[in-house]
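One structure below.
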Amino acid sequence: MNILVAGAGGFIAGHLVKSLALQGYDVTAVDIKSQDQWFQVHNLKNVETLPKSDLRDKRVVKSLLKKRKYTRIYNLACNMGGMGFIQNNHIDCLESVYIQTNFITAMREQQSSASIFYSSSACAYPQDIQQDVNVTAIKESDAYPANPEDGYGWEKLFSEIITQYGAKNESMDVRIARFHNCYGPFGTWQGGREKAPAALCRKVIEAQKNKTQEIEIWGDGKQTRSFMYIDDCLEGISRLWESDYRDPVNLGSSELVTINQMVDMIEQIAGTQLERKYLLDKPQGVRGRNSDNTLIKKITGGWEPSVKLFHGLEKTYSWIFDQMHQ
């Protein structure tokens with residue numbers, strides 16, 4: 001297959017490009033960033049890299065689709081980050097809506113036969129059903145009536161809708177996954193866009209390195225989430241392609257933990273115990289969110305993400321430790 005991966009300089013897509021290339025597929029890796037800003041650059045003969053490609057411009061997308069007849073397109077391109085970034089950059093997050101819209105409309109105009117994967121997010125779910133730390137796991141049908149995360153969540157929900165119209169009105173072969181907090185090595189761990197697992201790993205390492213023995217936690221630490229390791233994310237995407245299901249599907253771990261429990265795990269990995277300073281005025285997101293995996297198990301023959309958070313954090317912590325000590 002000829003495969004196009006959009007957002008290839010990012011965390012998840014960087015891992016995806018490597019996985020697909022090692023399976024022998026011809027991969028075109030596209031990202032808006034210059035190549036020196038990519039998390040992973042794979043010097044493999046079957047990977048073509050196209051940096052500085054702004055997919056918000058429909059002309060760029062149309063040119064890409066004319067350049068080669070792709071069998072499959074993975075759209076993971078998005079301007080996003082952790083909760084601090086999402087809550088303070090609504091317009092930047094919303095702007096990503098152009099990307100999937102451009103793909104769907106350009107595919108229709110060019111009568112492309114490519115299949116397309118869209119990476120959505122659990123931020124598409126209504127905020128009002130996520131206000132309890134003892135949250136009931138969220139199922140796909142809970143997305144409506146809509147009240148998603150401001151900016152970023154609305155962008156994801158709209159892009160899901162246009163993708164579903166592509167399937168229903170244009171007979172496009174589509175897959176849509178709602179990611180729940182994917183983490184792992186080769187991702188953002190500093191600078192303001194990092195998510196909780198990477199941010200907390202960095203803070204623990206900094207506390208030891210600087211001998212402060214203190215860690216700052218956004219919120220009261222009681223908010224609950226589930227976190228999916230990158231290997232499970234890639235496996236889930238692959239299994240969705242093997243199904244014929246074209247509507248949104250949760251892709252996330254069902255292992256619910258508090259932020260405090262995650263800090264406990266990282267402290268155990270680091271062999272330390274820190275004083276915790278809770279910053280209640282910082283962005284925290286919803287109080288509780290967990291993935292109901294009933295549907296994905298049904299359409300994949302019983303599979304769901306299985307990497308335990310502690311084991312994924314061990315690998316993530318080790319990688320961030322190396323980055324900070326280089």
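We label chains A, B, ... in the order they appear in the structure tokens, count residues from 1 in each chain, and number ligands from 1 in the order shown.
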
Might you pull out every residue within 10 Å of Ser238 in chain A, with only C-alpha atoms counted and same-chain residues fewer than 5 positions away left off, and present them as a VMD selection string?
-> chain A and resid 20 232 to 233 243 300

Keeping only all heavy atoms, take the residues you just selected and write them out as a compact mmCIF listing (two decimals), in the first residue's frame.
# COMPACT_ATOMS: atom_id res chain seq x y z
N LEU A 20 4.45 1.43 10.30
CA LEU A 20 4.00 1.12 8.95
C LEU A 20 5.19 0.84 8.02
O LEU A 20 5.15 -0.08 7.20
CB LEU A 20 3.17 2.27 8.39
CG LEU A 20 1.83 2.54 9.08
CD1 LEU A 20 1.24 3.86 8.61
CD2 LEU A 20 0.86 1.39 8.82
N ASP A 232 -0.43 0.36 22.60
CA ASP A 232 -1.85 0.01 22.54
C ASP A 232 -2.57 0.88 21.52
O ASP A 232 -3.48 0.40 20.81
CB ASP A 232 -2.50 0.21 23.91
CG ASP A 232 -2.36 -1.01 24.82
OD1 ASP A 232 -2.17 -2.12 24.29
OD2 ASP A 232 -2.44 -0.84 26.05
N CYS A 233 -2.19 2.13 21.42
CA CYS A 233 -2.82 3.03 20.44
C CYS A 233 -2.60 2.51 19.03
O CYS A 233 -3.56 2.43 18.24
CB CYS A 233 -2.24 4.43 20.59
SG CYS A 233 -2.98 5.67 19.50
N SER A 243 -11.74 -4.13 11.06
CA SER A 243 -13.20 -4.16 11.21
C SER A 243 -13.82 -3.39 10.03
O SER A 243 -13.12 -2.81 9.22
CB SER A 243 -13.61 -3.48 12.52
OG SER A 243 -13.51 -2.07 12.41
N THR A 300 -13.68 -5.77 17.52
CA THR A 300 -12.33 -6.31 17.31
C THR A 300 -12.18 -7.73 17.86
O THR A 300 -11.07 -8.24 17.95
CB THR A 300 -11.27 -5.42 17.96
OG1 THR A 300 -11.48 -5.39 19.38
CG2 THR A 300 -11.31 -4.00 17.41

Among range 53-302 of chain A, which residues carry a DSSP assignment of alpha helix (DSSP H), reported as an MDAnalysis selection string?
-> chainID A and resid 58:67 83:86 90:94 97:109 152:170 196:209 230:242 259:270 294:299

What does the distance between CA of Asp31 in chain A and CA of Glu48 in chain A come to in Å, to one decimal place?
->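 Between CA of Asp31 in chain A and CA of Glu48 in chain A the gap is 11.6 Å.
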
Quick one: everything within 10 Å of Gly285 in chain A, counting only C-alpha atoms, minus sequence neighbours fewer than 6 positions away in the same chain. Send it as a PyMOL selection string.
-> chain A and resi 82-84+86-87+123+127+130-131+149+218-219+223

What lies within 9 Å of Asp26 in chain A using only C-alpha atoms, ignoring chain neighbours under 4 positions off, as a PyMOL selection string?
-> chain A and resi 1-4+20-21+45-48

Selection to disk with N, CA and C atoms, as a PDB file, in the first residue's frame:
ATOM      1  N   MET A   1       0.833  -1.204   0.000  1.00  0.00           N
ATOM      2  CA  MET A   1       0.000   0.000   0.000  1.00  0.00           C
ATOM      3  C   MET A   1       0.865   1.250   0.000  1.00  0.00           C
ATOM      4  N   ASN A   2       0.360   2.315  -0.628  1.00  0.00           N
ATOM      5  CA  ASN A   2       0.920   3.650  -0.500  1.00  0.00           C
ATOM      6  C   ASN A   2       0.134   4.369   0.588  1.00  0.00           C
ATOM      7  N   ILE A   3       0.827   4.837   1.612  1.00  0.00           N
ATOM      8  CA  ILE A   3       0.160   5.407   2.776  1.00  0.00           C
ATOM      9  C   ILE A   3       0.631   6.834   3.016  1.00  0.00           C
ATOM     10  N   LEU A   4      -0.317   7.733   3.295  1.00  0.00           N
ATOM     11  CA  LEU A   4      -0.020   9.110   3.667  1.00  0.00           C
ATOM     12  C   LEU A   4      -0.317   9.284   5.153  1.00  0.00           C
ATOM     13  N   LEU A  20       4.445   1.426  10.300  1.00  0.00           N
ATOM     14  CA  LEU A  20       4.000   1.118   8.946  1.00  0.00           C
ATOM     15  C   LEU A  20       5.189   0.839   8.020  1.00  0.00           C
ATOM     16  N   ALA A  21       6.243   1.635   8.161  1.00  0.00           N
ATOM     17  CA  ALA A  21       7.424   1.450   7.304  1.00  0.00           C
ATOM     18  C   ALA A  21       8.086   0.103   7.565  1.00  0.00           C
ATOM     19  N   LYS A  45      14.257   3.700   3.397  1.00  0.00           N
ATOM     20  CA  LYS A  45      14.093   3.914   1.951  1.00  0.00           C
ATOM     21  C   LYS A  45      12.638   4.000   1.523  1.00  0.00           C
ATOM     22  N   ASN A  46      11.724   3.434   2.313  1.00  0.00           N
ATOM     23  CA  ASN A  46      10.313   3.464   1.936  1.00  0.00           C
ATOM     24  C   ASN A  46       9.532   4.569   2.654  1.00  0.00           C
ATOM     25  N   VAL A  47      10.255   5.559   3.224  1.00  0.00           N
ATOM     26  CA  VAL A  47       9.613   6.706   3.867  1.00  0.00           C
ATOM     27  C   VAL A  47      10.049   7.993   3.172  1.00  0.00           C
ATOM     28  N   GLU A  48       9.083   8.730   2.637  1.00  0.00           N
ATOM     29  CA  GLU A  48       9.351  10.042   2.053  1.00  0.00           C
ATOM     30  C   GLU A  48       8.830  11.100   3.015  1.00  0.00           C
TER      31      GLU A  48
END

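With CA of Leu200 in chain A on one side and CA of Val263 in chain A on the other, the separation reads 6.9 Å.
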
Would you list the contacts of range 158-174 of chain A as a ChimeraX atom specification, taking every protein, DNA or RNA residue within 6 Å and counting only C-alpha atoms, but skipping same-chain residues closer than 5 positions in sequence?
-> /A:115-117,246

Requested write-out: C-alpha atoms of the selected residues, as an mmCIF file, in the first residue's frame:
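Resulting contents of result09.cif:
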data_model
loop_
_atom_site.group_PDB
_atom_site.id
_atom_site.type_symbol
_atom_site.label_atom_id
_atom_site.label_comp_id
_atom_site.auth_asym_id
_atom_site.auth_seq_id
_atom_site.Cartn_x
_atom_site.Cartn_y
_atom_site.Cartn_z
ATOM 1 C CA SER A 115 -9.456 4.971 2.845
ATOM 2 C CA ILE A 116 -9.040 7.581 5.575
ATOM 3 C CA PHE A 117 -8.475 7.401 9.346
ATOM 4 C CA ARG A 246 -17.125 3.475 10.277
#

I'd like to know which residues of range 27-206 of chain A are strand (DSSP E or B) (by DSSP, run on the backbone); could you write them as an mmCIF file with N, CA, C and O atoms, in the first residue's frame?
data_model
loop_
_atom_site.group_PDB
_atom_site.id
_atom_site.type_symbol
_atom_site.label_atom_id
_atom_site.label_comp_id
_atom_site.auth_asym_id
_atom_site.auth_seq_id
_atom_site.Cartn_x
_atom_site.Cartn_y
_atom_site.Cartn_z
ATOM 1 N N VAL A 27 5.503 4.881 2.721
ATOM 2 C CA VAL A 27 4.876 5.899 3.559
ATOM 3 C C VAL A 27 5.338 7.294 3.155
ATOM 4 O O VAL A 27 6.539 7.547 3.029
ATOM 5 N N THR A 28 4.375 8.189 2.964
ATOM 6 C CA THR A 28 4.662 9.608 2.789
ATOM 7 C C THR A 28 4.324 10.301 4.104
ATOM 8 O O THR A 28 3.168 10.272 4.540
ATOM 9 N N ALA A 29 5.326 10.888 4.736
ATOM 10 C CA ALA A 29 5.176 11.497 6.055
ATOM 11 C C ALA A 29 5.131 13.015 5.908
ATOM 12 O O ALA A 29 6.088 13.628 5.428
ATOM 13 N N VAL A 30 4.032 13.626 6.331
ATOM 14 C CA VAL A 30 3.788 15.052 6.092
ATOM 15 C C VAL A 30 3.573 15.778 7.414
ATOM 16 O O VAL A 30 2.897 15.271 8.316
ATOM 17 N N VAL A 47 10.255 5.559 3.224
ATOM 18 C CA VAL A 47 9.613 6.706 3.867
ATOM 19 C C VAL A 47 10.049 7.993 3.172
ATOM 20 O O VAL A 47 11.245 8.295 3.100
ATOM 21 N N GLU A 48 9.083 8.730 2.637
ATOM 22 C CA GLU A 48 9.351 10.042 2.053
ATOM 23 C C GLU A 48 8.830 11.100 3.015
ATOM 24 O O GLU A 48 7.664 11.063 3.425
ATOM 25 N N THR A 49 9.672 12.038 3.413
ATOM 26 C CA THR A 49 9.266 13.082 4.353
ATOM 27 C C THR A 49 9.002 14.386 3.620
ATOM 28 O O THR A 49 9.784 14.812 2.772
ATOM 29 N N LEU A 50 7.882 15.019 3.957
ATOM 30 C CA LEU A 50 7.492 16.295 3.351
ATOM 31 C C LEU A 50 7.220 17.309 4.464
ATOM 32 O O LEU A 50 6.075 17.505 4.886
ATOM 33 N N ARG A 72 -4.292 4.503 1.555
ATOM 34 C CA ARG A 72 -4.815 4.816 2.888
ATOM 35 C C ARG A 72 -4.209 6.127 3.373
ATOM 36 O O ARG A 72 -3.023 6.399 3.154
ATOM 37 N N ILE A 73 -5.033 6.926 4.061
ATOM 38 C CA ILE A 73 -4.599 8.194 4.641
ATOM 39 C C ILE A 73 -4.870 8.151 6.147
ATOM 40 O O ILE A 73 -5.965 7.767 6.574
ATOM 41 N N TYR A 74 -3.870 8.532 6.909
ATOM 42 C CA TYR A 74 -4.033 8.683 8.356
ATOM 43 C C TYR A 74 -3.917 10.173 8.679
ATOM 44 O O TYR A 74 -2.851 10.767 8.485
ATOM 45 N N ASN A 75 -4.969 10.776 9.183
ATOM 46 C CA ASN A 75 -4.894 12.182 9.572
ATOM 47 C C ASN A 75 -4.765 12.303 11.086
ATOM 48 O O ASN A 75 -5.738 12.167 11.820
ATOM 49 N N SER A 115 -8.802 5.049 1.541
ATOM 50 C CA SER A 115 -9.456 4.971 2.845
ATOM 51 C C SER A 115 -8.828 6.045 3.736
ATOM 52 O O SER A 115 -7.674 6.416 3.548
ATOM 53 N N ILE A 116 -9.583 6.531 4.715
ATOM 54 C CA ILE A 116 -9.040 7.581 5.575
ATOM 55 C C ILE A 116 -9.363 7.327 7.038
ATOM 56 O O ILE A 116 -10.488 6.955 7.391
ATOM 57 N N PHE A 117 -8.340 7.514 7.885
ATOM 58 C CA PHE A 117 -8.475 7.401 9.346
ATOM 59 C C PHE A 117 -8.431 8.796 9.935
ATOM 60 O O PHE A 117 -7.557 9.602 9.594
ATOM 61 N N TYR A 118 -9.366 9.096 10.857
ATOM 62 C CA TYR A 118 -9.354 10.376 11.552
ATOM 63 C C TYR A 118 -9.147 10.159 13.045
ATOM 64 O O TYR A 118 -9.855 9.375 13.675
ATOM 65 N N SER A 119 -8.180 10.865 13.592
ATOM 66 C CA SER A 119 -7.891 10.754 15.029
ATOM 67 C C SER A 119 -8.664 11.815 15.792
ATOM 68 O O SER A 119 -8.310 12.995 15.788
ATOM 69 N N SER A 120 -9.734 11.399 16.441
ATOM 70 C CA SER A 120 -10.524 12.291 17.270
ATOM 71 C C SER A 120 -10.039 12.181 18.711
ATOM 72 O O SER A 120 -8.948 11.664 18.973
ATOM 73 N N SER A 121 -10.828 12.661 19.640
ATOM 74 C CA SER A 121 -10.386 12.732 21.036
ATOM 75 C C SER A 121 -11.566 12.577 21.983
ATOM 76 O O SER A 121 -12.704 12.926 21.649
ATOM 77 N N ILE A 138 -17.345 6.461 29.809
ATOM 78 C CA ILE A 138 -18.084 7.119 28.733
ATOM 79 C C ILE A 138 -18.176 6.210 27.513
ATOM 80 O O ILE A 138 -17.169 5.680 27.033
ATOM 81 N N VAL A 174 -13.956 4.898 5.880
ATOM 82 C CA VAL A 174 -13.388 5.723 6.949
ATOM 83 C C VAL A 174 -13.300 4.935 8.252
ATOM 84 O O VAL A 174 -14.030 3.950 8.458
ATOM 85 N N ARG A 175 -12.390 5.385 9.124
ATOM 86 C CA ARG A 175 -12.310 4.916 10.501
ATOM 87 C C ARG A 175 -12.101 6.134 11.382
ATOM 88 O O ARG A 175 -11.356 7.053 11.015
ATOM 89 N N ILE A 176 -12.750 6.144 12.543
ATOM 90 C CA ILE A 176 -12.654 7.274 13.472
ATOM 91 C C ILE A 176 -12.400 6.737 14.872
ATOM 92 O O ILE A 176 -13.182 5.937 15.384
ATOM 93 N N ALA A 177 -11.302 7.170 15.489
ATOM 94 C CA ALA A 177 -10.991 6.742 16.856
ATOM 95 C C ALA A 177 -10.959 7.944 17.777
ATOM 96 O O ALA A 177 -10.340 8.971 17.455
ATOM 97 N N ARG A 178 -11.620 7.830 18.913
ATOM 98 C CA ARG A 178 -11.556 8.861 19.947
ATOM 99 C C ARG A 178 -10.472 8.465 20.954
ATOM 100 O O ARG A 178 -10.688 7.619 21.826
ATOM 101 N N PHE A 179 -9.307 9.080 20.817
ATOM 102 C CA PHE A 179 -8.172 8.756 21.688
ATOM 103 C C PHE A 179 -8.424 9.251 23.109
ATOM 104 O O PHE A 179 -8.904 10.361 23.320
ATOM 105 N N CYS A 182 -3.261 9.432 25.153
ATOM 106 C CA CYS A 182 -2.154 8.573 24.735
ATOM 107 C C CYS A 182 -0.831 9.167 25.217
ATOM 108 O O CYS A 182 -0.628 10.384 25.168
ATOM 109 N N TYR A 183 0.089 8.320 25.683
ATOM 110 C CA TYR A 183 1.379 8.780 26.212
ATOM 111 C C TYR A 183 2.469 7.780 25.851
ATOM 112 O O TYR A 183 2.191 6.669 25.397
#

Of the candidates A:Lys297, A:Arg202, A:Arg287, A:Lys282, which shows the shortest atom-to-atom distance to Leu313 in chain A, using only C-alpha atoms?
->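 Of all the options, A:Arg202 lies closest to Leu313 in chain A.
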
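Neighbours of Pro197 in chain A closer than or equal to 10 Å, with only C-alpha atoms counted and sequence neighbours fewer than 6 positions away skipped, come out as Asn181, Cys182, Tyr183, Gly184, Trp189, Phe227, Ile259, Met262, Val263, Ile266, Leu309, Gly312, Leu313, Thr316 and Tyr317 of chain A.
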
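Considering the residues A:His15, A:Arg289, A:His325, A:Lys33 and counting only C-alpha atoms, Glu206 in chain A has its shortest atom-to-atom contact with A:His325.
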
Taking only C-alpha atoms into account, which of A:Arg193, A:Arg108, A:Lys203, A:His90 comes nearest Gly153 in chain A?
->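 Distance minimum relative to Gly153 in chain A lands on A:His90.
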
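For the choices A:Ser318, A:Ser254, A:Asn43, A:Ser53, the atom-to-atom distance to Ile269 in chain A is smallest for A:Ser318 when using only C-alpha atoms.
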
Which of A:Asp231, A:Leu22, A:Ile320, A:Asp142 sits closest to Pro248 in chain A [using only C-alpha atoms] |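 That would be A:Asp142, the residue with the smallest distance to Pro248 in chain A.
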